[in-house]
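**Q** Could you have a look at this structure, given as structure tokens, before my questions?
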Amino acid sequence: MISQRANLFLASDMKMAQHGAKARASRPRANEKLRRRILEYLETHNTMTIASCRQNVPWAAAVFYASDGFDLYFFSDPHSRHGRNMAANASVSAAIHEDYRDWKSIRGIQLEGRAERLRSLKLQARFWTAYRKKFSFVDEFFRPGLLREAVQPKLAGIHLYRIVPQAIWYLDNSRGFGHRQLLNVCAV
């Protein structure tokens, strides 16, 4: 015969199992909301700070980026410090945020992933499609004129890059101090 205490444990276990099933059922909806929130944030912001490291020396650099889903495209000089770092160590992290004056307003993205130079023509075409859609001023760099003459030497040496995130944290202090939600992109 089962004791009253054992019955309480069984009842508690059943409630926890039911709660766990409800939580698992709601996760896809919660992940979808988080996914949409992150994609919207990526589309409506322009600058990310990339953190790279080589020989155990970290470095951060701000770049304009364009997104295609979670992939983040940017161009840079391969001889820059972050360019050399990424060539030696493809593991990077990045932050995307605004300059806030009130801690309750802080929102942003932190991510970790891999940076890669785009070598295939197909990926380069995706880069330019996303980048020109977001930054129409880039077309001016390639039109004949003084601007093209001024930027041509710099553009001749740039490489196209992509960061493929593996994990993305969405920060939203309006939901509480230090509120962060993790989206494991590898599982999406």
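All residue names refer to the structure tokens as shown: chains lettered A, B, ... in order, residues numbered from 1 in each chain, ligands numbered from 1 in order.
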Please, which residues of chain A, numbered as in this document, come out strand (DSSP E or B) from DSSP, as a ChimeraX atom specification?

**A** /A:47-54,57-64,66-68,71-76,91-97,107-117,159-172,180-184

**Q** Would you list the contacts of range 56-58 of chain A as a list in words, taking every protein, DNA or RNA residue within 9 Å and counting only C-alpha atoms, but skipping same-chain residues closer than 4 positions in sequence?

**A**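 These residues fall inside the cut-off: Ala51, Ser52 and Asn85 of chain A.
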
**Q** Could you name the residues that touch Lys154 in chain A at 12 Å or less, counting only C-alpha atoms, but leaving out those on the same chain fewer than 2 positions away, as a list in words?

**A**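 So the residues in contact are Phe75, Ser76, Asp77, Pro78, His79, Ser80, Phe141, Leu147, Arg148, Glu149, Ala150, Val151, Gln152, Ala156, Gly157, Ile158 and His159 of chain A.
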
**Q** Just to confirm, what's the straight-line distance from CA of Ala90 in chain A to CA of Tyr65 in chain A in Å (one decimal)?

**A**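 Result for CA of Ala90 in chain A versus CA of Tyr65 in chain A: 17.3 Å, one decimal.
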
**Q** So how many Å separate CA of Tyr131 in chain A and CA of Glu40 in chain A, to one decimal?

**A**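 Taking CA of Tyr131 in chain A as the start and CA of Glu40 in chain A as the end point, the length is 16.0 Å.
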
**Q** With only C-alpha atoms as the basis for distance, which of A:Asn89, A:Asn184, A:Asn46, A:Ser67 is at the shortest distance from Phe127 in chain A?

**A**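 Looking only at the distances to Phe127 in chain A, the closest residue turns out to be A:Ser67.
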